[in-house]
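K.L.:
Before I ask anything, here is the structure I am working with.
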Amino acid sequence: MTKRPSVAVFKFASCDGCQLTLLDCEDELLALGEKLDIPYFLEATDRREPGPYDVALVEGSITTPHDARRILEVRQQTKFLVTIGACATAGGIQALRNWADHADVLNAVYASPQYIASLATSTAIADHVPVDFELRGCPIDKRQLLEVVRALIAGRRPKTPSHSVCLDCKRRGTVCVVVARGVPCLGPVTQSGCGAICPAYDRGCYGCFGPSVQPNLISLTTQFQRQGTARPDLVRGLRLFNAYAPEFRRECDRLDPATEEPR
Amino acid sequence: MTSGSPGLDQPLFLPRERLGALISELQSRGYIVVGPVIRQAAIVYDELYTVDDLPRGWTDLQEAGTYRLERRADEQYFGYVVGPHSWKQFLFPPVATVATAVATEAGWNVTAADGRDAPQFAFFGMRACELAAVAVQDRVFIQKDYADPIYKARRDKAFFVAVNCTQAAPTCFCASMNTGPRCTVGFDLALTEIDDGFVVEIGGERGRNVIVALGLAAATNDALRDAEAARRRAADGQTRSMPTEGLRDLLVGNPNHPRWTEVAERCLSCTNCTQVCPTCFCSSVREVTDLDVRQVERRREWDSCFNFDFSYMNGGVVRNSVRSRYRQWLTHKLATWHDQFGESGCVGCGRCITWCPVEIDLTAEVAAIRGDVS
Ligand code: SF4
Ligand code: SF4
Ligand code: SF4
């Protein structure tokens, strides 16, 4: 019997939802416990064993000087580092601060901001250390997480699909909300992951899984403007969980009316 | 035999209030009857339980990138054209298990899909372009050396009730592709809707057996004339066209036309056109295992030439730009399909035009390439 891979789970600035997806693997949880050694996973157990670890699952973005140092330590102790979720992969919803004045935000949120040590930005893990594999989503998808785990056990590289959400709509027979209702939808520029949940409930895709490969944002937002969606609404639509993913960031900056005003 | 009918026998008349009896007759013979129903603001294909499931009194308004349902002034059962679904999803399911393997003491126990448990469908309301699309997929899946067992089993069992279109959408161009609007071959029964019922043509033995059970009278000359006029409306109503003369050589001879770059600025590479197309047949296969890798399912899923990694081989992606992927799709569909299967891969149904979120229209793309060249 070969040694069980050790998997440590770390949290940075995040809501814990992606870690909960791991605990939500109810049918597989017992088998997972057998197959994997889990030396560090505060959400689930008070075991806190030191590295090195075969794998680290990292949730959350980097928002404080302390976390910027901590991620370096995690990287040093880890062979294969996997970011889980939109925060770790793109900076998360908290990356909206990247467009605001840091001092204003601190003053608005905290009664005594002088005690707060935080960075002016919320950034992805990959902006700080090399990342071996990304699991997208807000939250991540359980089936994709299990694919990562299966790959780790089998000693191969995980493989998750890179196609658009539209393909999932079509496979499940969902009627396109853009064409049949004129509802703007980020599905054509968003990577697959959730199985196209929102369009099945007559809503546009919110882009939870971040930009797809070679996304054509300008064409899509130009079309939505032609169909009557105002620019500020498109900017708000792009500034969600993956706002700071480079492709979404570039497009919402291009569309942002503030950047258009004569200065 | 009446002239002008492609059926074997004299056309019959099915009174409107007996349409449900035809559905029941098929159900009593063990068919799962599938036909047009309204779901999520569109007419799609799903199981029909009774005649009341049909979108009676509705029509569809289609243009590039737009589809809307609207009430009709009359109570026609089939007063619309084709929607986002096609019969492809029943013959070539979007997700299918092609094999399973279970680890045993003696080694792997592999079972390949043989189609033995295939459902027996009756497709209710197939249009002429859709009959043509099934014939195109037949050539892909069952008329070459390697027949697909899942497709073949479903196809062999399926009963086809065709409906002649009596109107055209602005996106339709079957007339120029020579695939419609008149249903001429490939059906068991074909209906043409007129004011008080349907003229029924019989396509063969199997169709005759079913329709005889309804005890219908022959269609009168008036009914035949009304049906002919109704069908003519569908032909006369077509505004789009695809001139096919020299089309293969035009596309094959223009891989570097600037139009490919121009369309790539608009194309999202989202795959919608390929998924709604009733002839696109691409899929990919992957293995899904349990945690122990003792149970393996080989799963086939619809895929698309618009996907970045669809052309991945030997460490690299061959079609690494939207330009090369759109060109691949259009050139295969309209040109090299001829080399591969001896016909066009397009039946002129217009789905890829309507369901493209950014209104890309293959007839306009071809016209642009043709116009600049000749
Ligand atoms: S609803 Fe959105 S994700 Fe689905 S096919 Fe339409 S554009 Fe694509
Ligand atoms: S042509 Fe339209 S539907 Fe097809 S991939 Fe491009 S944007 Fe999507
Ligand atoms: S290419 Fe477009 S018009 Fe032609 S058969 Fe396919 S979906 Fe229909």
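Here's how to read the names in the structure tokens: chain A, B, ... by the order shown, residue numbers from 1 in each chain, ligand numbers from 1 in the order shown.
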Using only C-alpha atoms, find which residues of chain B lie within 9 Å of chain A and jot them down as an MDAnalysis selection string.

P.N.:
chainID B and resid 39:42 44 64:69 84:85 89 93:95 265:272 275:276 288:293 301:304 306:309 321:322 354:359

K.L.:
May I have the residues from that selection written out with C-alpha atoms, as a PDB file, in the first residue's frame?

P.N.:
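Final output, selection_13.pdb:
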ATOM      1  CA  ARG B  39     -40.647  25.581 -22.097  1.00  0.00           C
ATOM      2  CA  GLN B  40     -38.708  28.644 -20.911  1.00  0.00           C
ATOM      3  CA  ALA B  41     -40.270  30.998 -23.484  1.00  0.00           C
ATOM      4  CA  ALA B  42     -39.511  28.848 -26.522  1.00  0.00           C
ATOM      5  CA  VAL B  44     -38.647  22.921 -27.689  1.00  0.00           C
ATOM      6  CA  ALA B  64     -30.512  36.680 -36.093  1.00  0.00           C
ATOM      7  CA  GLY B  65     -29.880  36.534 -32.337  1.00  0.00           C
ATOM      8  CA  THR B  66     -33.574  36.850 -31.413  1.00  0.00           C
ATOM      9  CA  TYR B  67     -36.449  34.488 -30.725  1.00  0.00           C
ATOM     10  CA  ARG B  68     -39.831  35.460 -29.285  1.00  0.00           C
ATOM     11  CA  LEU B  69     -43.097  33.601 -28.833  1.00  0.00           C
ATOM     12  CA  PRO B  84     -33.477  25.656 -30.270  1.00  0.00           C
ATOM     13  CA  HIS B  85     -33.898  21.900 -29.940  1.00  0.00           C
ATOM     14  CA  GLN B  89     -30.744  15.172 -28.823  1.00  0.00           C
ATOM     15  CA  PRO B  93     -27.872  12.111 -26.703  1.00  0.00           C
ATOM     16  CA  PRO B  94     -25.839  15.027 -25.273  1.00  0.00           C
ATOM     17  CA  VAL B  95     -24.367  12.744 -22.618  1.00  0.00           C
ATOM     18  CA  GLU B 265     -13.850  39.978 -33.895  1.00  0.00           C
ATOM     19  CA  ARG B 266     -17.559  39.307 -33.380  1.00  0.00           C
ATOM     20  CA  CYS B 267     -17.572  35.545 -32.731  1.00  0.00           C
ATOM     21  CA  LEU B 268     -17.547  34.500 -29.063  1.00  0.00           C
ATOM     22  CA  SER B 269     -16.433  30.946 -29.812  1.00  0.00           C
ATOM     23  CA  CYS B 270     -19.273  30.033 -27.450  1.00  0.00           C
ATOM     24  CA  THR B 271     -20.322  26.825 -29.319  1.00  0.00           C
ATOM     25  CA  ASN B 272     -24.022  27.705 -29.476  1.00  0.00           C
ATOM     26  CA  GLN B 275     -24.965  22.754 -30.434  1.00  0.00           C
ATOM     27  CA  VAL B 276     -28.232  23.891 -32.012  1.00  0.00           C
ATOM     28  CA  VAL B 288     -15.094   9.044 -15.064  1.00  0.00           C
ATOM     29  CA  THR B 289     -13.993   6.909 -12.155  1.00  0.00           C
ATOM     30  CA  ASP B 290     -14.859   6.364  -8.546  1.00  0.00           C
ATOM     31  CA  LEU B 291     -12.255   7.256  -5.928  1.00  0.00           C
ATOM     32  CA  ASP B 292     -10.758   3.748  -5.977  1.00  0.00           C
ATOM     33  CA  VAL B 293     -10.606   3.589  -9.765  1.00  0.00           C
ATOM     34  CA  GLU B 301     -20.506  14.328 -24.383  1.00  0.00           C
ATOM     35  CA  TRP B 302     -21.392  16.818 -27.087  1.00  0.00           C
ATOM     36  CA  ASP B 303     -18.329  18.879 -27.894  1.00  0.00           C
ATOM     37  CA  SER B 304     -17.551  21.563 -30.448  1.00  0.00           C
ATOM     38  CA  PHE B 306     -15.252  26.129 -31.254  1.00  0.00           C
ATOM     39  CA  ASN B 307     -13.663  24.880 -28.045  1.00  0.00           C
ATOM     40  CA  PHE B 308     -10.070  25.921 -27.509  1.00  0.00           C
ATOM     41  CA  ASP B 309      -8.823  22.475 -26.562  1.00  0.00           C
ATOM     42  CA  SER B 321      -7.602  31.437 -32.495  1.00  0.00           C
ATOM     43  CA  VAL B 322     -11.282  32.218 -32.914  1.00  0.00           C
ATOM     44  CA  THR B 354     -31.228  32.658 -34.478  1.00  0.00           C
ATOM     45  CA  TRP B 355     -29.298  31.188 -31.540  1.00  0.00           C
ATOM     46  CA  CYS B 356     -26.007  33.017 -32.031  1.00  0.00           C
ATOM     47  CA  PRO B 357     -25.943  35.544 -29.162  1.00  0.00           C
ATOM     48  CA  VAL B 358     -24.146  38.069 -31.394  1.00  0.00           C
ATOM     49  CA  GLU B 359     -26.215  37.586 -34.567  1.00  0.00           C
TER      50      GLU B 359
END

K.L.:
Can you tell me, as a PyMOL selection string, what residues are no more than 10 Å from stretch 112-122 of chain A when counting only C-alpha atoms, ignoring any on the same chain fewer than 3 positions away?

P.N.:
chain A and resi 13+60-68+87-88+90-103+105-109+125+244

K.L.:
Give the residues close to ligand 3, within 10 Å, counting only C-alpha atoms and all ligand atoms; write them as a PDB file with N, CA, C and O atoms, in the first residue's frame.

P.N.:
ATOM      1  N   VAL B  82     -38.834  25.939 -36.588  1.00  0.00           N
ATOM      2  CA  VAL B  82     -38.016  25.147 -35.667  1.00  0.00           C
ATOM      3  C   VAL B  82     -37.433  26.021 -34.566  1.00  0.00           C
ATOM      4  O   VAL B  82     -37.172  27.206 -34.768  1.00  0.00           O
ATOM      5  N   PRO B  84     -34.868  25.955 -30.641  1.00  0.00           N
ATOM      6  CA  PRO B  84     -33.477  25.656 -30.270  1.00  0.00           C
ATOM      7  C   PRO B  84     -33.160  24.160 -30.193  1.00  0.00           C
ATOM      8  O   PRO B  84     -32.001  23.780 -30.278  1.00  0.00           O
ATOM      9  N   SER B  86     -33.359  20.120 -31.471  1.00  0.00           N
ATOM     10  CA  SER B  86     -33.574  19.337 -32.685  1.00  0.00           C
ATOM     11  C   SER B  86     -33.677  17.876 -32.261  1.00  0.00           C
ATOM     12  O   SER B  86     -33.424  17.534 -31.104  1.00  0.00           O
ATOM     13  N   CYS B 129     -36.606  20.113 -43.216  1.00  0.00           N
ATOM     14  CA  CYS B 129     -35.159  20.285 -42.978  1.00  0.00           C
ATOM     15  C   CYS B 129     -34.679  19.329 -41.908  1.00  0.00           C
ATOM     16  O   CYS B 129     -33.504  18.939 -41.889  1.00  0.00           O
ATOM     17  N   GLU B 130     -35.576  18.944 -41.015  1.00  0.00           N
ATOM     18  CA  GLU B 130     -35.189  18.037 -39.930  1.00  0.00           C
ATOM     19  C   GLU B 130     -35.091  16.599 -40.426  1.00  0.00           C
ATOM     20  O   GLU B 130     -34.230  15.838 -39.974  1.00  0.00           O
ATOM     21  N   ALA B 132     -34.174  15.958 -43.392  1.00  0.00           N
ATOM     22  CA  ALA B 132     -32.896  16.019 -44.118  1.00  0.00           C
ATOM     23  C   ALA B 132     -31.715  15.951 -43.153  1.00  0.00           C
ATOM     24  O   ALA B 132     -30.703  15.302 -43.427  1.00  0.00           O
ATOM     25  N   ALA B 133     -31.853  16.598 -41.991  1.00  0.00           N
ATOM     26  CA  ALA B 133     -30.750  16.600 -41.008  1.00  0.00           C
ATOM     27  C   ALA B 133     -30.521  15.194 -40.459  1.00  0.00           C
ATOM     28  O   ALA B 133     -29.379  14.776 -40.248  1.00  0.00           O
ATOM     29  N   VAL B 136     -28.592  13.344 -42.914  1.00  0.00           N
ATOM     30  CA  VAL B 136     -27.174  13.727 -42.872  1.00  0.00           C
ATOM     31  C   VAL B 136     -26.477  12.989 -41.726  1.00  0.00           C
ATOM     32  O   VAL B 136     -25.386  12.436 -41.888  1.00  0.00           O
ATOM     33  N   THR B 171     -35.263  33.443 -40.847  1.00  0.00           N
ATOM     34  CA  THR B 171     -33.976  32.746 -40.760  1.00  0.00           C
ATOM     35  C   THR B 171     -33.924  31.478 -41.611  1.00  0.00           C
ATOM     36  O   THR B 171     -32.866  30.875 -41.753  1.00  0.00           O
ATOM     37  N   CYS B 172     -35.074  31.049 -42.145  1.00  0.00           N
ATOM     38  CA  CYS B 172     -35.122  29.796 -42.913  1.00  0.00           C
ATOM     39  C   CYS B 172     -34.499  29.977 -44.299  1.00  0.00           C
ATOM     40  O   CYS B 172     -34.716  31.006 -44.947  1.00  0.00           O
ATOM     41  N   PHE B 173     -33.737  28.959 -44.742  1.00  0.00           N
ATOM     42  CA  PHE B 173     -33.299  28.967 -46.149  1.00  0.00           C
ATOM     43  C   PHE B 173     -33.199  27.543 -46.715  1.00  0.00           C
ATOM     44  O   PHE B 173     -32.344  27.253 -47.548  1.00  0.00           O
ATOM     45  N   CYS B 174     -34.136  26.687 -46.295  1.00  0.00           N
ATOM     46  CA  CYS B 174     -34.099  25.293 -46.749  1.00  0.00           C
ATOM     47  C   CYS B 174     -34.312  25.194 -48.256  1.00  0.00           C
ATOM     48  O   CYS B 174     -33.776  24.299 -48.909  1.00  0.00           O
ATOM     49  N   MET B 177     -31.178  25.259 -50.025  1.00  0.00           N
ATOM     50  CA  MET B 177     -30.343  24.086 -49.759  1.00  0.00           C
ATOM     51  C   MET B 177     -30.988  22.819 -50.319  1.00  0.00           C
ATOM     52  O   MET B 177     -30.438  21.720 -50.159  1.00  0.00           O
ATOM     53  N   MET B 242     -28.961  30.709 -49.562  1.00  0.00           N
ATOM     54  CA  MET B 242     -27.535  30.380 -49.592  1.00  0.00           C
ATOM     55  C   MET B 242     -27.225  29.871 -50.992  1.00  0.00           C
ATOM     56  O   MET B 242     -27.534  28.729 -51.311  1.00  0.00           O
ATOM     57  N   ASN B 272     -22.565  27.825 -29.341  1.00  0.00           N
ATOM     58  CA  ASN B 272     -24.022  27.705 -29.476  1.00  0.00           C
ATOM     59  C   ASN B 272     -24.454  27.250 -30.865  1.00  0.00           C
ATOM     60  O   ASN B 272     -25.364  26.421 -31.010  1.00  0.00           O
ATOM     61  N   CYS B 273     -23.803  27.789 -31.905  1.00  0.00           N
ATOM     62  CA  CYS B 273     -24.213  27.432 -33.267  1.00  0.00           C
ATOM     63  C   CYS B 273     -24.063  25.932 -33.518  1.00  0.00           C
ATOM     64  O   CYS B 273     -24.926  25.297 -34.128  1.00  0.00           O
ATOM     65  N   THR B 274     -22.984  25.345 -33.016  1.00  0.00           N
ATOM     66  CA  THR B 274     -22.753  23.922 -33.258  1.00  0.00           C
ATOM     67  C   THR B 274     -23.701  23.058 -32.441  1.00  0.00           C
ATOM     68  O   THR B 274     -24.057  21.964 -32.847  1.00  0.00           O
ATOM     69  N   GLN B 275     -24.086  23.560 -31.283  1.00  0.00           N
ATOM     70  CA  GLN B 275     -24.965  22.754 -30.434  1.00  0.00           C
ATOM     71  C   GLN B 275     -26.403  22.749 -30.941  1.00  0.00           C
ATOM     72  O   GLN B 275     -27.090  21.740 -30.845  1.00  0.00           O
ATOM     73  N   VAL B 276     -26.861  23.882 -31.481  1.00  0.00           N
ATOM     74  CA  VAL B 276     -28.232  23.891 -32.012  1.00  0.00           C
ATOM     75  C   VAL B 276     -28.288  23.283 -33.411  1.00  0.00           C
ATOM     76  O   VAL B 276     -29.367  22.900 -33.867  1.00  0.00           O
ATOM     77  N   CYS B 277     -27.167  23.178 -34.088  1.00  0.00           N
ATOM     78  CA  CYS B 277     -27.180  22.642 -35.452  1.00  0.00           C
ATOM     79  C   CYS B 277     -27.587  21.178 -35.426  1.00  0.00           C
ATOM     80  O   CYS B 277     -27.000  20.383 -34.701  1.00  0.00           O
ATOM     81  N   PRO B 278     -28.584  20.807 -36.236  1.00  0.00           N
ATOM     82  CA  PRO B 278     -29.064  19.424 -36.185  1.00  0.00           C
ATOM     83  C   PRO B 278     -28.123  18.429 -36.852  1.00  0.00           C
ATOM     84  O   PRO B 278     -28.370  17.225 -36.770  1.00  0.00           O
ATOM     85  N   THR B 279     -27.077  18.887 -37.503  1.00  0.00           N
ATOM     86  CA  THR B 279     -26.158  17.941 -38.138  1.00  0.00           C
ATOM     87  C   THR B 279     -24.795  17.874 -37.448  1.00  0.00           C
ATOM     88  O   THR B 279     -24.083  16.887 -37.613  1.00  0.00           O
ATOM     89  N   CYS B 280     -24.395  18.915 -36.706  1.00  0.00           N
ATOM     90  CA  CYS B 280     -23.097  18.878 -36.013  1.00  0.00           C
ATOM     91  C   CYS B 280     -23.050  17.642 -35.119  1.00  0.00           C
ATOM     92  O   CYS B 280     -23.974  17.398 -34.348  1.00  0.00           O
ATOM     93  N   TRP B 329     -15.287  25.652 -38.737  1.00  0.00           N
ATOM     94  CA  TRP B 329     -16.694  25.248 -38.674  1.00  0.00           C
ATOM     95  C   TRP B 329     -17.387  25.483 -40.028  1.00  0.00           C
ATOM     96  O   TRP B 329     -17.995  24.584 -40.593  1.00  0.00           O
ATOM     97  N   LEU B 330     -17.267  26.716 -40.525  1.00  0.00           N
ATOM     98  CA  LEU B 330     -18.011  27.044 -41.743  1.00  0.00           C
ATOM     99  C   LEU B 330     -17.493  26.240 -42.937  1.00  0.00           C
ATOM    100  O   LEU B 330     -18.287  25.788 -43.774  1.00  0.00           O
ATOM    101  N   HIS B 332     -15.982  23.306 -42.893  1.00  0.00           N
ATOM    102  CA  HIS B 332     -16.402  21.895 -42.829  1.00  0.00           C
ATOM    103  C   HIS B 332     -17.876  21.778 -43.187  1.00  0.00           C
ATOM    104  O   HIS B 332     -18.269  20.976 -44.034  1.00  0.00           O
ATOM    105  N   LYS B 333     -18.696  22.604 -42.573  1.00  0.00           N
ATOM    106  CA  LYS B 333     -20.148  22.504 -42.761  1.00  0.00           C
ATOM    107  C   LYS B 333     -20.551  22.613 -44.229  1.00  0.00           C
ATOM    108  O   LYS B 333     -21.380  21.850 -44.730  1.00  0.00           O
ATOM    109  N   LEU B 334     -19.978  23.588 -44.916  1.00  0.00           N
ATOM    110  CA  LEU B 334     -20.475  23.903 -46.260  1.00  0.00           C
ATOM    111  C   LEU B 334     -19.580  23.375 -47.382  1.00  0.00           C
ATOM    112  O   LEU B 334     -19.999  23.366 -48.543  1.00  0.00           O
ATOM    113  N   SER B 344     -23.767  18.503 -48.565  1.00  0.00           N
ATOM    114  CA  SER B 344     -23.520  19.608 -47.649  1.00  0.00           C
ATOM    115  C   SER B 344     -23.886  19.184 -46.234  1.00  0.00           C
ATOM    116  O   SER B 344     -24.788  18.367 -46.031  1.00  0.00           O
ATOM    117  N   GLY B 345     -23.213  19.769 -45.235  1.00  0.00           N
ATOM    118  CA  GLY B 345     -23.579  19.524 -43.847  1.00  0.00           C
ATOM    119  C   GLY B 345     -24.639  20.486 -43.351  1.00  0.00           C
ATOM    120  O   GLY B 345     -25.029  20.424 -42.187  1.00  0.00           O
ATOM    121  N   CYS B 346     -25.110  21.373 -44.211  1.00  0.00           N
ATOM    122  CA  CYS B 346     -26.114  22.364 -43.807  1.00  0.00           C
ATOM    123  C   CYS B 346     -27.435  22.062 -44.498  1.00  0.00           C
ATOM    124  O   CYS B 346     -27.465  21.868 -45.703  1.00  0.00           O
ATOM    125  N   VAL B 347     -28.521  22.056 -43.701  1.00  0.00           N
ATOM    126  CA  VAL B 347     -29.843  21.820 -44.277  1.00  0.00           C
ATOM    127  C   VAL B 347     -30.682  23.094 -44.331  1.00  0.00           C
ATOM    128  O   VAL B 347     -31.855  23.048 -44.692  1.00  0.00           O
ATOM    129  N   GLY B 348     -30.106  24.222 -43.941  1.00  0.00           N
ATOM    130  CA  GLY B 348     -30.823  25.491 -44.084  1.00  0.00           C
ATOM    131  C   GLY B 348     -31.899  25.747 -43.051  1.00  0.00           C
ATOM    132  O   GLY B 348     -32.846  26.488 -43.314  1.00  0.00           O
ATOM    133  N   CYS B 349     -31.750  25.170 -41.857  1.00  0.00           N
ATOM    134  CA  CYS B 349     -32.796  25.334 -40.834  1.00  0.00           C
ATOM    135  C   CYS B 349     -32.751  26.699 -40.169  1.00  0.00           C
ATOM    136  O   CYS B 349     -33.723  27.114 -39.538  1.00  0.00           O
ATOM    137  N   GLY B 350     -31.589  27.385 -40.223  1.00  0.00           N
ATOM    138  CA  GLY B 350     -31.485  28.724 -39.655  1.00  0.00           C
ATOM    139  C   GLY B 350     -31.230  28.783 -38.162  1.00  0.00           C
ATOM    140  O   GLY B 350     -31.137  29.867 -37.586  1.00  0.00           O
ATOM    141  N   ARG B 351     -31.119  27.631 -37.494  1.00  0.00           N
ATOM    142  CA  ARG B 351     -30.936  27.656 -36.025  1.00  0.00           C
ATOM    143  C   ARG B 351     -29.669  28.407 -35.619  1.00  0.00           C
ATOM    144  O   ARG B 351     -29.661  29.170 -34.654  1.00  0.00           O
ATOM    145  N   CYS B 352     -28.570  28.170 -36.342  1.00  0.00           N
ATOM    146  CA  CYS B 352     -27.314  28.811 -35.918  1.00  0.00           C
ATOM    147  C   CYS B 352     -27.411  30.326 -36.036  1.00  0.00           C
ATOM    148  O   CYS B 352     -26.694  31.046 -35.332  1.00  0.00           O
ATOM    149  N   ILE B 353     -28.294  30.804 -36.897  1.00  0.00           N
ATOM    150  CA  ILE B 353     -28.458  32.256 -37.049  1.00  0.00           C
ATOM    151  C   ILE B 353     -29.251  32.812 -35.864  1.00  0.00           C
ATOM    152  O   ILE B 353     -28.848  33.781 -35.223  1.00  0.00           O
ATOM    153  N   THR B 354     -30.382  32.190 -35.577  1.00  0.00           N
ATOM    154  CA  THR B 354     -31.228  32.658 -34.478  1.00  0.00           C
ATOM    155  C   THR B 354     -30.520  32.568 -33.139  1.00  0.00           C
ATOM    156  O   THR B 354     -30.600  33.484 -32.320  1.00  0.00           O
ATOM    157  N   TRP B 355     -29.794  31.469 -32.891  1.00  0.00           N
ATOM    158  CA  TRP B 355     -29.298  31.188 -31.540  1.00  0.00           C
ATOM    159  C   TRP B 355     -27.872  31.653 -31.316  1.00  0.00           C
ATOM    160  O   TRP B 355     -27.275  31.349 -30.282  1.00  0.00           O
ATOM    161  N   CYS B 356     -27.305  32.380 -32.264  1.00  0.00           N
ATOM    162  CA  CYS B 356     -26.007  33.017 -32.031  1.00  0.00           C
ATOM    163  C   CYS B 356     -26.252  34.274 -31.201  1.00  0.00           C
ATOM    164  O   CYS B 356     -26.968  35.174 -31.638  1.00  0.00           O
ATOM    165  N   ASP B 361     -24.424  35.361 -38.937  1.00  0.00           N
ATOM    166  CA  ASP B 361     -25.316  34.724 -39.907  1.00  0.00           C
ATOM    167  C   ASP B 361     -24.445  34.103 -40.990  1.00  0.00           C
ATOM    168  O   ASP B 361     -23.766  34.816 -41.739  1.00  0.00           O
ATOM    169  N   LEU B 362     -24.464  32.786 -41.087  1.00  0.00           N
ATOM    170  CA  LEU B 362     -23.549  32.147 -42.040  1.00  0.00           C
ATOM    171  C   LEU B 362     -23.855  32.542 -43.479  1.00  0.00           C
ATOM    172  O   LEU B 362     -22.926  32.598 -44.300  1.00  0.00           O
ATOM    173  N   THR B 363     -25.109  32.871 -43.789  1.00  0.00           N
ATOM    174  CA  THR B 363     -25.386  33.268 -45.172  1.00  0.00           C
ATOM    175  C   THR B 363     -24.715  34.607 -45.482  1.00  0.00           C
ATOM    176  O   THR B 363     -24.221  34.821 -46.590  1.00  0.00           O
TER     177      THR B 363
END

K.L.:
To test your reading of the structure, identify every residue in stretch 64-235 of chain A that backbone DSSP assigns to strand (DSSP E), and report it as a PyMOL selection string.

P.N.:
chain A and resi 78-84+133-135

K.L.:
Store the residues of this selection in a file with C-alpha atoms, as a short mmCIF file (atom, residue, chain, number, x, y, z; two decimals), in the first residue's frame.

P.N.:
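Written output follows (part_24.cif):
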data_model
loop_
_atom_site.label_atom_id
_atom_site.label_comp_id
_atom_site.auth_asym_id
_atom_site.auth_seq_id
_atom_site.Cartn_x
_atom_site.Cartn_y
_atom_site.Cartn_z
CA THR A 78 3.81 22.36 -0.40
CA LYS A 79 4.58 20.26 -3.46
CA PHE A 80 1.37 20.89 -5.42
CA LEU A 81 -0.60 24.04 -4.66
CA VAL A 82 -4.23 24.24 -5.78
CA THR A 83 -6.23 27.45 -5.41
CA ILE A 84 -9.90 26.86 -4.74
CA PHE A 133 -3.69 24.21 -10.52
CA GLU A 134 -6.76 26.45 -10.25
CA LEU A 135 -10.25 25.41 -9.30
#

K.L.:
So, counting only C-alpha atoms and all ligand atoms, which residue among A:Val74, A:Cys205, A:Cys252, A:Ile140 is closest to ligand 1?

P.N.:
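Using only C-alpha atoms and all ligand atoms, the shortest distance to ligand 1 belongs to A:Cys205.
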
K.L.:
To one decimal in Å, tell me the separation between atom CA of B:Leu48 and atom CA of B:Glu17.

P.N.:
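Interatomic distance, atom CA of B:Leu48 to atom CA of B:Glu17: 16.4 Å.
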
K.L.:
As an exercise, work out the distance from atom CA of B:Val33 to atom 3 (S, counted along the ligand's line) of ligand 1 in Å and give it to one decimal place.

P.N.:
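So the two atoms, atom CA of B:Val33 and atom 3 (S, counted along the ligand's line) of ligand 1, lie 28.9 Å apart.
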
K.L.:
Env of stretch 46-56 of chain A: 10 Å cut, atoms = only C-alpha atoms, seq-sep filter 3 positions within chain, self excluded. Answer as an MDAnalysis selection string.

P.N.:
chainID A and resid 4:10 37:43 59 73:84 132 149 152

K.L.:
Going by DSSP on the backbone, which residues of stretch 96-229 of chain A come out as helix (DSSP H, G or I)? List them as an NGL selection string.

P.N.:
:A and (96-99 or 102-109 or 113-115 or 125-127 or 142-154 or 165-172 or 177-181 or 187-189 or 197-200 or 217-226)

K.L.:
Enter the distance from atom CA of B:Lys152 to atom CA of B:Gly115, in Å, rounded to one decimal.

P.N.:
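Taking atom CA of B:Lys152 and atom CA of B:Gly115, their separation equals 7.6 Å.
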
K.L.:
Using only C-alpha atoms and all ligand atoms, can you tell me which of B:Ala218, B:Tyr312, B:Trp260, B:Ser28 comes closest to ligand 2?

P.N.:
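Nearest candidate to ligand 2 out of B:Ala218, B:Tyr312, B:Trp260, B:Ser28: B:Trp260.
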